[in-house]
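Chemist: What follows is a single structure, and I will ask about it in a moment.
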Amino acid sequence: MSQARPGIPLIDAGQDLPTPPPALRPARRPALPHRGLVLLGIVLAALNMRVAVAGVSPLLTDIGDHFGLSATAGGLVTTVPLVFMGLGSLVAPRLAARRGTEAVLFGALVLLCGGILVRVAPPVIALFAGGILVGTAIALLNVLMPGLIKRDFPDHVAPMTALYSTTMILGATVSSATAVPLERALGGWQGPFVSWSLLAGLSALLWLPHVVLARKGGTPAAAAGRRPAPRPGPRLTSLPLAWQITLFMGGQSLVAYVVIAWLPTVLSDHGMDKGEAGLVFAFSTLVQMSGSLLVPVLAGRMRRQRALGAVTAGLMAAGVAGLLINPVGGAWLWAVLLGIGQGGTLGLALTLIVLRTRDAHTAARLSGMSQTWGYLLASLGPFVLGALHQATGGWTVPLTALLLVCCGLMLLALGAGRDRRI
């Protein structure tokens with residue numbers, strides 16, 4: 001007969017094991033049904049995050065004619081939102097810590113809806129005041145989304161980032177492609193703006209349940225139990241890794257907004273028909289979705305993303321070099337290289353924010369830092385390259401400068417892609 005050890009009851013081999021008490025059974029996760037709502041909210045928020053910026057470029061000439069704006073003032077129509085996409089990122093982590101992520105995201109979508117509507121008001125000052133509101137709203141969405149993904153989908157960071165970045169590019173593609181048709185169908189450039197505001201308003205309404213659930217403790221994060229307040233964490237501005245990710249984010253954004261602002265002009269200045277130049281640009285934007293969908297998934301399966309970052313930045317460099325060598329003859333090939341490279345570097349930059357951090361709070365802080373300085377840097381790109389073009393009378397010097405930025409991104413990827421955590 002077996003002897004029982006002290007403190008452990010003897011159980012007969014033929015005796016049925018007792019049913020564990022309910023308290024010992026694995027607890028069901030009540031928040032699981034709400035994850036579908038979170039997923040829908042992320043998709044809708046991402047869909048709005050580039051619509052009001054990318055869709056404006058095809059309408060700039062008509063907006064300038066309507067208000068009698070000079071070329072420089074017309075350029076500010078797209079530059080002002082970019083500046084405030086950087087400045088607004090400074091306050092996003094603090095607002096989220098004080099009010100809650102869900103409430104701030106809901107408020108950002110309401111602000112985006114209002115800012116777009118303000119831009120169609122009669123006085124010209126409203127065009128720029130609305131741009132400030134739009135840029136600030138997008139900044140809040142930009143900064144908080146990576147932290148939300150890391151918090152609510154910790155085991156699916158890479159595919160969720162791929163979905164988020166691809167949806168963002170899809171919104172930009174559709175808005176830029178439909179801006180002119182909507183303008184003609186609705187009787188003026190104000191028509192597309194109103195349609196974008198309706199999309200933001202609908203998205204805000206669908207985010208409202210998240211705010212209610214968060215206050216009742218029904219979010220995926222709250223279902224896991226009350227967590228202690230996050231520690232302040234390290235000072236990010238003193239960490240080389242944080243700056244490498246920040247500059248990688250800023251560099252890829254600079255290239256992206258330069259391409260948005262100037263690619264059709266570069267092609268048409270070299271003799272391509274304006275209609276075909278617009279199609280090449282739209283095709284390049286469409287191709288971005290392949291890179292933004294694939295690269296985050298690959299990055300999530302790697303301990304180090306150095307080679308992946310160097311390859312995606314190298315594709316952009318090859319596309320820019322092609323524009324220098326034979327801009328019209330190889331335009332469609334350069335569009336493919338630029339598109340895959342841009343989508344890939346955007347997806348990788350967003351993925352690095354969550355892969356290089358240990359928790360959602362630090363991810364939100366790093367997102368705020370990288371997007372603050374990143375978009376401030378990006379806002380200079382279209383203006384500086386436009387000034388270089390005006391000063392030199394051609395595109396060789398501006399495109400050479402852009403090529404150097406792409407090469408710098410390849411070097412930054414070697415640091416940002418290391419297997420390190422903040």
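Chain lettering (A, B, ...) mirrors the order of the structure tokens, residue numbering begins at 1 for each chain separately, and ligand numbering begins at 1 in order of display.
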Would you tabulate, counting only C-alpha atoms, all residues of stretch 177-285 of chain A that have an atom at most 12 Å from an atom of stretch 124-133 of chain A, showing the closest pair of atoms and their distance in Å to one decimal, sorted by chain then ascending number, as CSV?
Modeler:
residue,atom,partner,partner_atom,distance
A:Gln190,CA,A:Leu127,CA,11.0
A:Phe193,CA,A:Gly130,CA,11.1
A:Ser197,CA,A:Gly130,CA,11.7
Chemist: What does the file look like for those residues with C-alpha atoms, as an mmCIF file, in the first residue's frame?
Modeler:
data_model
loop_
_atom_site.group_PDB
_atom_site.id
_atom_site.type_symbol
_atom_site.label_atom_id
_atom_site.label_comp_id
_atom_site.auth_asym_id
_atom_site.auth_seq_id
_atom_site.Cartn_x
_atom_site.Cartn_y
_atom_site.Cartn_z
ATOM 1 C CA GLN A 190 -16.283 70.801 -51.535
ATOM 2 C CA PHE A 193 -14.588 66.935 -48.440
ATOM 3 C CA SER A 197 -16.407 63.972 -43.197
#
Chemist: Quick check for you: according to DSSP on this backbone, which residues of stretch 137-321 of chain A are classed as helix (DSSP H, G or I)? Reply as a count of residues only.
Modeler: 153
Chemist: Could you pull the residues within 6 Å of stretch 296-305 of chain A, counting only C-alpha atoms, minus those fewer than 3 positions along the same chain, as a VMD selection string?
Modeler: chain A and resid 158 to 159 162 308 347 to 348 351 417 to 419
Chemist: For A:Glu276, list every protein, DNA or RNA residue within 12 Å, evaluated using only C-alpha atoms, and leave out those in the same chain fewer than 2 positions away; present the list as a PyMOL selection string.
Modeler: chain A and resi 263-265+267-268+271-274+278-283+328+331-332
Chemist: Would you mind listing what lies within 10 Å of stretch 93-96 of chain A as a JSON list (two decimals) with N, CA and C atoms, in the first residue's frame, with only C-alpha atoms counted and same-chain residues fewer than 5 positions away left out?
Modeler:
[["chain", "number", "residue", "atom", "x", "y", "z"],
["A", 101, "THR", "N", -7.63, 55.30, -23.85],
["A", 101, "THR", "CA", -7.34, 55.21, -25.28],
["A", 101, "THR", "C", -8.61, 55.27, -26.12],
["A", 102, "GLU", "N", -9.64, 54.52, -25.70],
["A", 102, "GLU", "CA", -10.87, 54.47, -26.48],
["A", 102, "GLU", "C", -11.52, 55.84, -26.59],
["A", 103, "ALA", "N", -11.57, 56.58, -25.49],
["A", 103, "ALA", "CA", -12.20, 57.90, -25.49],
["A", 103, "ALA", "C", -11.44, 58.88, -26.38],
["A", 104, "VAL", "N", -10.11, 58.81, -26.36],
["A", 104, "VAL", "CA", -9.31, 59.73, -27.18],
["A", 104, "VAL", "C", -9.46, 59.39, -28.66],
["A", 105, "LEU", "N", -9.50, 58.10, -29.00],
["A", 105, "LEU", "CA", -9.70, 57.72, -30.39],
["A", 105, "LEU", "C", -11.08, 58.18, -30.90],
["A", 140, "LEU", "N", -3.43, 61.98, -33.26],
["A", 140, "LEU", "CA", -3.92, 61.17, -32.15],
["A", 140, "LEU", "C", -4.16, 59.72, -32.60],
["A", 143, "VAL", "N", -0.68, 57.90, -33.25],
["A", 143, "VAL", "CA", 0.12, 57.56, -32.08],
["A", 143, "VAL", "C", -0.50, 56.43, -31.27],
["A", 144, "LEU", "N", -1.80, 56.45, -31.10],
["A", 144, "LEU", "CA", -2.45, 55.50, -30.19],
["A", 144, "LEU", "C", -2.70, 54.14, -30.80],
["A", 147, "GLY", "N", -0.10, 51.23, -29.87],
["A", 147, "GLY", "CA", -0.26, 50.81, -28.48],
["A", 147, "GLY", "C", -1.52, 50.00, -28.28],
["A", 361, "HIS", "N", 2.22, 50.72, -22.94],
["A", 361, "HIS", "CA", 2.49, 52.10, -22.54],
["A", 361, "HIS", "C", 3.76, 52.63, -23.23],
["A", 362, "THR", "N", 4.82, 51.82, -23.22],
["A", 362, "THR", "CA", 6.06, 52.23, -23.88],
["A", 362, "THR", "C", 5.86, 52.32, -25.39],
["A", 363, "ALA", "N", 5.04, 51.42, -25.95],
["A", 363, "ALA", "CA", 4.76, 51.48, -27.39],
["A", 363, "ALA", "C", 4.07, 52.79, -27.74],
["A", 364, "ALA", "N", 3.12, 53.24, -26.91],
["A", 364, "ALA", "CA", 2.44, 54.51, -27.18],
["A", 364, "ALA", "C", 3.42, 55.69, -27.07],
["A", 365, "ARG", "N", 4.33, 55.62, -26.09],
["A", 365, "ARG", "CA", 5.31, 56.70, -25.94],
["A", 365, "ARG", "C", 6.27, 56.75, -27.13],
["A", 366, "LEU", "N", 6.76, 55.57, -27.55],
["A", 366, "LEU", "CA", 7.66, 55.54, -28.71],
["A", 366, "LEU", "C", 6.93, 55.95, -29.98],
["A", 367, "SER", "N", 5.66, 55.56, -30.09],
["A", 367, "SER", "CA", 4.86, 55.98, -31.23],
["A", 367, "SER", "C", 4.73, 57.50, -31.25],
["A", 368, "GLY", "N", 4.50, 58.08, -30.07],
["A", 368, "GLY", "CA", 4.40, 59.54, -30.00],
["A", 368, "GLY", "C", 5.69, 60.23, -30.41],
["A", 369, "MET", "N", 6.82, 59.73, -29.91],
["A", 369, "MET", "CA", 8.11, 60.33, -30.26],
["A", 369, "MET", "C", 8.40, 60.18, -31.75]]
Chemist: Neighbours of A:Val384 within 12 Å (only C-alpha atoms; same-chain residues fewer than 4 positions away dropped), as a ChimeraX atom specification?
Modeler: /A:72,75,79,254-255,257-258,261-262,377-380,388-391,397-399,401-402
Chemist: Quick one: residues within 8 Å of A:Leu286, only C-alpha atoms counted, chain neighbours fewer than 3 positions away excluded, as a PyMOL selection string?
Modeler: chain A and resi 169-170+173+282-283+289+339
Chemist: Mind pulling up the distance from atom CA of A:Asp359 to atom CA of A:Ala313?
Modeler: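 Between atom CA of A:Ala313 and atom CA of A:Asp359 the gap works out to 27.5 Å.
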